[in-house]
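Enquirer: Following this line is entry.csv, made up of CSV, C-alpha atoms and all ligand atoms:
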```
chain,number,residue,atom,x,y,z
A,1,MET,CA,-30.3,-13.6,-29.7
A,2,HIS,CA,-27.3,-11.5,-29.1
A,3,THR,CA,-26.2,-10.7,-25.6
A,4,ARG,CA,-24.0,-7.6,-25.1
A,5,ARG,CA,-21.0,-9.8,-24.3
A,6,ASN,CA,-21.5,-11.8,-27.5
A,7,PHE,CA,-21.6,-8.5,-29.3
A,8,PHE,CA,-18.3,-7.4,-27.8
A,9,LEU,CA,-16.7,-10.7,-28.5
A,10,SER,CA,-17.7,-10.6,-32.1
A,11,MET,CA,-16.5,-7.0,-32.4
A,12,SER,CA,-13.2,-8.0,-31.0
A,13,ALA,CA,-13.0,-10.9,-33.4
A,14,LEU,CA,-13.6,-8.5,-36.3
A,15,ALA,CA,-11.0,-6.0,-35.1
A,16,GLY,CA,-8.4,-8.7,-34.8
A,17,VAL,CA,-6.3,-10.0,-31.9
A,18,GLY,CA,-4.8,-8.1,-29.1
A,19,THR,CA,-5.5,-4.7,-27.8
A,20,ALA,CA,-8.7,-3.9,-29.8
A,21,ALA,CA,-10.9,-1.6,-27.7
A,22,TRP,CA,-14.5,-2.5,-27.7
A,23,ALA,CA,-17.3,-0.1,-28.4
A,24,CYS,CA,-18.4,2.0,-25.5
A,25,PRO,CA,-22.2,2.1,-24.9
A,26,ALA,CA,-22.8,5.8,-24.8
A,27,PRO,CA,-24.5,7.2,-21.7
A,28,VAL,CA,-27.7,9.0,-22.8
A,29,ALA,CA,-27.6,12.7,-22.0
A,30,GLN,CA,-30.5,15.1,-22.7
A,31,GLU,CA,-30.7,18.6,-21.5
A,32,ASN,CA,-31.7,17.9,-17.9
A,33,GLN,CA,-31.4,14.2,-17.9
A,34,HIS,CA,-28.2,12.2,-17.6
A,35,SER,CA,-27.3,8.6,-17.2
A,36,ILE,CA,-24.5,6.7,-15.6
A,37,LEU,CA,-24.0,3.2,-16.8
A,38,MET,CA,-23.1,0.4,-14.4
A,39,LEU,CA,-20.6,-1.8,-16.2
A,40,ASN,CA,-18.6,-5.0,-15.6
A,41,ALA,CA,-15.6,-3.5,-17.3
A,42,ALA,CA,-14.4,0.0,-18.2
A,43,CYS,CA,-15.0,1.0,-21.8
A,44,GLY,CA,-12.1,0.0,-24.0
A,45,GLU,CA,-10.3,-2.1,-21.4
A,46,ASP,CA,-10.8,-5.5,-20.0
A,47,ASN,CA,-8.5,-5.0,-16.9
A,48,THR,CA,-10.5,-2.4,-15.1
A,49,PRO,CA,-13.5,-4.3,-13.7
A,50,ASN,CA,-16.8,-2.9,-12.4
A,51,VAL,CA,-17.1,0.8,-13.1
A,52,PHE,CA,-19.6,3.6,-13.3
A,53,GLU,CA,-19.4,5.3,-16.7
A,54,PRO,CA,-18.8,8.2,-16.4
A,55,ALA,CA,-17.1,8.1,-13.0
A,56,ILE,CA,-17.5,11.8,-12.6
A,57,LEU,CA,-20.6,13.6,-13.8
A,58,ARG,CA,-21.3,17.3,-13.6
A,59,VAL,CA,-24.9,18.4,-13.7
A,60,ASN,CA,-27.0,21.5,-13.0
A,61,VAL,CA,-29.2,21.9,-10.0
A,62,GLY,CA,-32.6,20.3,-10.8
A,63,ASP,CA,-31.1,17.8,-13.3
A,64,SER,CA,-31.9,14.1,-13.0
A,65,VAL,CA,-29.5,11.2,-13.3
A,66,THR,CA,-30.5,7.6,-14.1
A,67,PHE,CA,-28.2,4.8,-13.0
A,68,VAL,CA,-28.6,2.2,-15.7
A,69,PRO,CA,-27.9,-1.5,-15.0
A,70,THR,CA,-26.2,-2.1,-18.4
A,71,ASP,CA,-24.5,-5.1,-16.9
A,72,ALA,CA,-25.8,-7.3,-14.1
A,73,GLY,CA,-24.9,-7.3,-10.4
A,74,HIS,CA,-24.5,-3.6,-9.7
A,75,ASN,CA,-26.3,-0.8,-7.7
A,76,SER,CA,-25.8,2.8,-6.7
A,77,ALA,CA,-26.0,4.1,-3.2
A,78,SER,CA,-24.9,7.4,-1.9
A,79,LYS,CA,-22.0,7.2,0.5
A,80,ARG,CA,-22.7,8.5,4.1
A,81,GLY,CA,-20.7,11.7,4.7
A,82,MET,CA,-20.2,12.3,1.0
A,83,ILE,CA,-23.4,14.2,0.1
A,84,PRO,CA,-24.2,17.9,0.9
A,85,ASP,CA,-26.1,18.9,4.0
A,86,GLY,CA,-29.9,18.7,3.3
A,87,ALA,CA,-29.6,16.2,0.4
A,88,ASP,CA,-31.4,12.9,0.5
A,89,PRO,CA,-29.4,9.7,0.5
A,90,TRP,CA,-30.3,6.9,-1.9
A,91,ASN,CA,-29.7,3.2,-2.0
A,92,GLY,CA,-30.8,1.6,-5.3
A,93,ALA,CA,-31.6,-2.1,-5.7
A,94,VAL,CA,-29.1,-4.2,-7.6
A,95,ASP,CA,-30.0,-4.6,-11.3
A,96,GLU,CA,-32.6,-1.8,-11.3
A,97,ASN,CA,-32.8,1.6,-13.0
A,98,LEU,CA,-32.7,4.3,-10.4
A,99,THR,CA,-33.4,8.0,-11.2
A,100,ILE,CA,-32.3,10.7,-8.8
A,101,THR,CA,-33.2,14.4,-9.1
A,102,PHE,CA,-30.5,16.6,-7.6
A,103,THR,CA,-31.9,19.8,-6.0
A,104,VAL,CA,-29.1,20.5,-3.5
A,105,PRO,CA,-25.8,21.7,-5.0
A,106,GLY,CA,-22.5,20.1,-4.0
A,107,ILE,CA,-20.4,17.0,-4.4
A,108,TYR,CA,-22.1,13.5,-4.1
A,109,GLY,CA,-20.0,10.4,-3.6
A,110,HIS,CA,-21.7,7.2,-4.6
A,111,ILE,CA,-20.8,3.5,-4.5
A,112,CYS,CA,-21.8,0.1,-5.8
A,113,VAL,CA,-22.4,-1.8,-2.6
A,114,PRO,CA,-21.3,-5.2,-4.1
A,115,HIS,CA,-18.1,-3.7,-5.5
A,116,TYR,CA,-17.3,-0.9,-3.1
A,117,GLU,CA,-14.1,-2.5,-1.8
A,118,TRP,CA,-13.0,-3.1,-5.4
A,119,GLY,CA,-13.3,0.6,-6.2
A,120,MET,CA,-16.6,0.8,-8.0
A,121,VAL,CA,-17.4,4.4,-6.9
A,122,GLY,CA,-18.2,7.7,-8.5
A,123,LEU,CA,-18.8,11.4,-8.0
A,124,ILE,CA,-21.6,13.7,-9.2
A,125,VAL,CA,-21.0,17.4,-8.9
A,126,VAL,CA,-24.2,19.4,-8.8
A,127,GLY,CA,-24.2,23.1,-9.7
A,128,ASP,CA,-20.4,23.4,-9.9
A,129,ASP,CA,-20.4,23.6,-6.1
A,130,LEU,CA,-17.4,22.1,-4.4
A,131,SER,CA,-18.1,23.6,-0.9
A,132,ASN,CA,-18.4,20.2,0.8
A,133,LEU,CA,-15.1,19.0,-0.7
A,134,ALA,CA,-13.3,19.0,2.7
A,135,SER,CA,-15.9,16.9,4.4
A,136,VAL,CA,-16.1,14.5,1.4
A,137,LYS,CA,-12.4,14.0,1.6
A,138,LYS,CA,-12.5,13.0,5.2
A,139,VAL,CA,-14.6,9.9,4.6
A,140,ARG,CA,-12.6,6.7,4.9
A,141,HIS,CA,-12.9,3.8,2.5
A,142,PRO,CA,-11.7,0.2,2.3
A,143,GLY,CA,-9.4,-1.3,-0.3
A,144,GLN,CA,-9.5,0.1,-3.9
A,145,ALA,CA,-12.3,2.5,-3.1
A,146,ARG,CA,-9.8,4.7,-1.2
A,147,LYS,CA,-7.5,5.0,-4.2
A,148,THR,CA,-10.3,5.5,-6.7
A,149,PHE,CA,-12.1,8.2,-4.6
A,150,ARG,CA,-8.8,9.9,-4.0
A,151,ALA,CA,-8.0,10.0,-7.8
A,152,LEU,CA,-11.5,11.2,-8.6
A,153,LEU,CA,-11.4,13.9,-6.0
A,154,LYS,CA,-8.0,15.0,-7.2
A,155,THR,CA,-9.5,15.8,-10.6
A,156,LEU,CA,-12.0,18.1,-9.0
A,157,GLU,CA,-9.2,20.2,-7.5
A,158,THR,CA,-7.3,20.8,-10.7
A,201,CU,CU,-20.9,-3.1,-9.0
```
Could I get this structure in the form of structure tokens?
Ligand SMILES: [Cu+2]
Expert:
Amino acid sequence: MHTRRNFFLSMSALAGVGTAAWACPAPVAQENQHSILMLNAACGEDNTPNVFEPAILRVNVGDSVTFVPTDAGHNSASKRGMIPDGADPWNGAVDENLTITFTVPGIYGHICVPHYEWGMVGLIVVGDDLSNLASVKKVRHPGQARKTFRALLKTLET
């Protein structure tokens, strides 16, 4: 019985000592269906713990996104003040698949509740619509979440 962790350990062993990057589990993307993996460590690194992969996802209006509990101990919840007017908030259970269909264009900020302060946060941009950027940027966050959201939002503006 191979756990994912054992797989990575054996891959690292095969690749030799040191900085060998481990294999990234690829998020599944079909035409109107996307997935965001909830991971204990960023792909290819062991020093960035607890991430959504990808951290920023751009989808079309009407597309669905599944949050996949690839590793244990994570969830996804929309962040109050960081979703467009008229959009429904969500709060997924830890360790469960959660699929959201996005019908309202705009920026959506979401967090992993257990790892929020440690910066496990992400953005979904629906329909290439950045019109709620100013209000999304006003939301305050604790700890590493502030830095991570700031960095992610900065990439939207460039
Ligand atoms: Cu988490």
Enquirer: What do you get as a list in words if you pick all residues at most 10 Å from ligand CU 201 (chain A), counting all atoms listed in the file?
Expert: Met38, Leu39, Asn40, Ala41, Pro49, Asn50, Val51, Phe52, Pro69, Asp71, Ala72, Gly73, His74, Asn75, Ser76, Val94, Asp95, Ile111, Cys112, Val113, Pro114, His115, Tyr116, Glu117, Trp118, Gly119, Met120 and Val121 of chain A
Enquirer: Which residue, A:Pro89, A:Pro142, A:Gly109, A:Pro54, has the smallest gap to Leu123 of chain A when you use all atoms listed in the file?
Expert: A:Gly109
Enquirer: If you count all atoms listed in the file, which residues fall within 12 Å of Thr155 of chain A, apart from same-chain ones fewer than 5 positions away, as a count of residues only?
Expert: 10
Enquirer: Check the smallest atom-to-atom distance from each of A:Met82, A:Val28, A:Leu152, A:Ala87 to Arg140 of chain A using only C-alpha atoms, then report the winner.
Expert: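 Among the listed residues, the smallest separation from Arg140 of chain A belongs to A:Met82.
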Enquirer: Could you work out how far atom CA of Lys79 of chain A lies from atom CA of Asn132 of chain A, giving the answer in Å with one decimal?
Expert: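 Value for the atom CA of Asn132 of chain A-atom CA of Lys79 of chain A distance: 13.5 Å.
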Enquirer: Kindly indicate which residue among A:Gly106, A:Gly62, A:Gly122, A:Gly44 lies nearest to Ala77 of chain A, using all atoms listed in the file for the distances.
Expert: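 Distance minimum relative to Ala77 of chain A lands on A:Gly122.
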Enquirer: Go through A:Ser35, A:Gln30, A:Ser131, A:Ser64 one by one, measure the shortest atom-to-atom distance of each to Pro84 of chain A using only C-alpha atoms, and give the residue with the smallest value.
Expert: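 Smallest separation from Pro84 of chain A among the options: A:Ser131.
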Enquirer: Using all atoms listed in the file, which residue out of A:Asn60, A:Thr48, A:Asn97, A:Thr70 lies closest to Ala26 of chain A?
Expert: A:Thr70
Enquirer: Quick one: residues within 7 Å of Ile36 of chain A, all atoms listed in the file counted, chain neighbours fewer than 5 positions away excluded, as JSON, numbers by chain?
Expert: {"A": [27, 52, 53, 54, 66, 67, 68]}
Enquirer: Give me the residues within 7 Å of Gly81 of chain A as number ranges by chain, counting only C-alpha atoms and dropping any in the same chain fewer than 2 places off.
Expert: A: 79, 83, 136, 139
Enquirer: In Å, with one decimal, what is the gap from atom CA of Ala151 of chain A to atom CA of Arg58 of chain A?
Expert: 16.2 Å
Enquirer: Would you work out the distance separating atom CA of Glu157 of chain A from atom CA of Phe102 of chain A, expressed in Å to one decimal?
Expert: 21.6 Å
Enquirer: When you count only C-alpha atoms, which of these residues is closest to His34 of chain A: A:Ile107, A:Ile124, A:Ser78, A:Gln144?
Expert: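 Closest to His34 of chain A of all the choices is A:Ile124.
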Enquirer: Just add all heavy atoms to segment 124-135 of chain A and send it as a PDB file, keeping the file's coordinate frame.
Expert:
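Below is the file that was written, rebuild-v8.pdb:
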```pdb
ATOM      1  N   ILE A 124     -20.692  12.767  -8.393  1.00  0.00           N
ATOM      2  CA  ILE A 124     -21.600  13.700  -9.200  1.00  0.00           C
ATOM      3  C   ILE A 124     -21.408  15.039  -8.546  1.00  0.00           C
ATOM      4  O   ILE A 124     -21.474  15.191  -7.315  1.00  0.00           O
ATOM      5  CB  ILE A 124     -23.030  13.180  -9.067  1.00  0.00           C
ATOM      6  CG1 ILE A 124     -23.164  11.793  -9.708  1.00  0.00           C
ATOM      7  CG2 ILE A 124     -23.962  14.182  -9.762  1.00  0.00           C
ATOM      8  CD1 ILE A 124     -24.479  11.106  -9.421  1.00  0.00           C
ATOM      9  N   VAL A 125     -21.151  16.022  -9.383  1.00  0.00           N
ATOM     10  CA  VAL A 125     -21.000  17.400  -8.900  1.00  0.00           C
ATOM     11  C   VAL A 125     -22.208  18.184  -9.423  1.00  0.00           C
ATOM     12  O   VAL A 125     -22.438  18.265 -10.632  1.00  0.00           O
ATOM     13  CB  VAL A 125     -19.698  18.041  -9.403  1.00  0.00           C
ATOM     14  CG1 VAL A 125     -19.573  19.468  -8.866  1.00  0.00           C
ATOM     15  CG2 VAL A 125     -18.503  17.200  -8.977  1.00  0.00           C
ATOM     16  N   VAL A 126     -22.963  18.727  -8.492  1.00  0.00           N
ATOM     17  CA  VAL A 126     -24.200  19.400  -8.800  1.00  0.00           C
ATOM     18  C   VAL A 126     -23.974  20.935  -8.701  1.00  0.00           C
ATOM     19  O   VAL A 126     -23.527  21.421  -7.649  1.00  0.00           O
ATOM     20  CB  VAL A 126     -25.352  18.970  -7.925  1.00  0.00           C
ATOM     21  CG1 VAL A 126     -26.635  19.736  -8.253  1.00  0.00           C
ATOM     22  CG2 VAL A 126     -25.582  17.460  -8.078  1.00  0.00           C
ATOM     23  N   GLY A 127     -24.269  21.657  -9.773  1.00  0.00           N
ATOM     24  CA  GLY A 127     -24.200  23.100  -9.700  1.00  0.00           C
ATOM     25  C   GLY A 127     -22.826  23.675  -9.547  1.00  0.00           C
ATOM     26  O   GLY A 127     -22.674  24.791  -9.038  1.00  0.00           O
ATOM     27  N   ASP A 128     -21.800  22.889  -9.978  1.00  0.00           N
ATOM     28  CA  ASP A 128     -20.400  23.400  -9.900  1.00  0.00           C
ATOM     29  C   ASP A 128     -20.015  23.775  -8.491  1.00  0.00           C
ATOM     30  O   ASP A 128     -19.143  24.621  -8.313  1.00  0.00           O
ATOM     31  CB  ASP A 128     -20.247  24.569 -10.840  1.00  0.00           C
ATOM     32  CG  ASP A 128     -19.082  24.360 -11.793  1.00  0.00           C
ATOM     33  OD1 ASP A 128     -18.391  23.337 -11.654  1.00  0.00           O
ATOM     34  OD2 ASP A 128     -18.872  25.228 -12.660  1.00  0.00           O
ATOM     35  N   ASP A 129     -20.646  23.176  -7.497  1.00  0.00           N
ATOM     36  CA  ASP A 129     -20.400  23.600  -6.100  1.00  0.00           C
ATOM     37  C   ASP A 129     -19.528  22.572  -5.401  1.00  0.00           C
ATOM     38  O   ASP A 129     -19.900  21.407  -5.230  1.00  0.00           O
ATOM     39  CB  ASP A 129     -21.808  23.641  -5.409  1.00  0.00           C
ATOM     40  CG  ASP A 129     -21.716  24.147  -3.977  1.00  0.00           C
ATOM     41  OD1 ASP A 129     -20.633  24.035  -3.353  1.00  0.00           O
ATOM     42  OD2 ASP A 129     -22.733  24.636  -3.471  1.00  0.00           O
ATOM     43  N   LEU A 130     -18.321  23.023  -5.019  1.00  0.00           N
ATOM     44  CA  LEU A 130     -17.400  22.100  -4.400  1.00  0.00           C
ATOM     45  C   LEU A 130     -17.257  22.438  -2.865  1.00  0.00           C
ATOM     46  O   LEU A 130     -16.285  22.062  -2.218  1.00  0.00           O
ATOM     47  CB  LEU A 130     -15.977  22.273  -5.007  1.00  0.00           C
ATOM     48  CG  LEU A 130     -15.884  22.022  -6.521  1.00  0.00           C
ATOM     49  CD1 LEU A 130     -14.444  22.151  -6.995  1.00  0.00           C
ATOM     50  CD2 LEU A 130     -16.437  20.651  -6.893  1.00  0.00           C
ATOM     51  N   SER A 131     -18.271  23.114  -2.310  1.00  0.00           N
ATOM     52  CA  SER A 131     -18.100  23.600  -0.900  1.00  0.00           C
ATOM     53  C   SER A 131     -18.075  22.499   0.109  1.00  0.00           C
ATOM     54  O   SER A 131     -17.603  22.730   1.219  1.00  0.00           O
ATOM     55  CB  SER A 131     -19.246  24.602  -0.609  1.00  0.00           C
ATOM     56  OG  SER A 131     -20.503  24.014  -0.801  1.00  0.00           O
ATOM     57  N   ASN A 132     -18.529  21.274  -0.216  1.00  0.00           N
ATOM     58  CA  ASN A 132     -18.400  20.200   0.800  1.00  0.00           C
ATOM     59  C   ASN A 132     -17.212  19.279   0.473  1.00  0.00           C
ATOM     60  O   ASN A 132     -17.130  18.156   0.995  1.00  0.00           O
ATOM     61  CB  ASN A 132     -19.713  19.357   0.833  1.00  0.00           C
ATOM     62  CG  ASN A 132     -20.066  18.657  -0.476  1.00  0.00           C
ATOM     63  OD1 ASN A 132     -19.735  19.151  -1.547  1.00  0.00           O
ATOM     64  ND2 ASN A 132     -20.733  17.517  -0.381  1.00  0.00           N
ATOM     65  N   LEU A 133     -16.262  19.777  -0.333  1.00  0.00           N
ATOM     66  CA  LEU A 133     -15.100  19.000  -0.700  1.00  0.00           C
ATOM     67  C   LEU A 133     -14.311  18.494   0.546  1.00  0.00           C
ATOM     68  O   LEU A 133     -13.926  17.327   0.644  1.00  0.00           O
ATOM     69  CB  LEU A 133     -14.172  19.736  -1.637  1.00  0.00           C
ATOM     70  CG  LEU A 133     -12.897  19.030  -2.092  1.00  0.00           C
ATOM     71  CD1 LEU A 133     -13.220  17.764  -2.882  1.00  0.00           C
ATOM     72  CD2 LEU A 133     -12.030  19.957  -2.948  1.00  0.00           C
ATOM     73  N   ALA A 134     -14.091  19.409   1.499  1.00  0.00           N
ATOM     74  CA  ALA A 134     -13.300  19.000   2.700  1.00  0.00           C
ATOM     75  C   ALA A 134     -13.915  17.906   3.448  1.00  0.00           C
ATOM     76  O   ALA A 134     -13.231  16.955   3.851  1.00  0.00           O
ATOM     77  CB  ALA A 134     -13.065  20.272   3.552  1.00  0.00           C
ATOM     78  N   SER A 135     -15.225  17.960   3.650  1.00  0.00           N
ATOM     79  CA  SER A 135     -15.900  16.900   4.400  1.00  0.00           C
ATOM     80  C   SER A 135     -15.943  15.601   3.599  1.00  0.00           C
ATOM     81  O   SER A 135     -15.801  14.498   4.148  1.00  0.00           O
ATOM     82  CB  SER A 135     -17.245  17.327   4.920  1.00  0.00           C
ATOM     83  OG  SER A 135     -18.037  17.813   3.872  1.00  0.00           O
TER      84      SER A 135
END
```
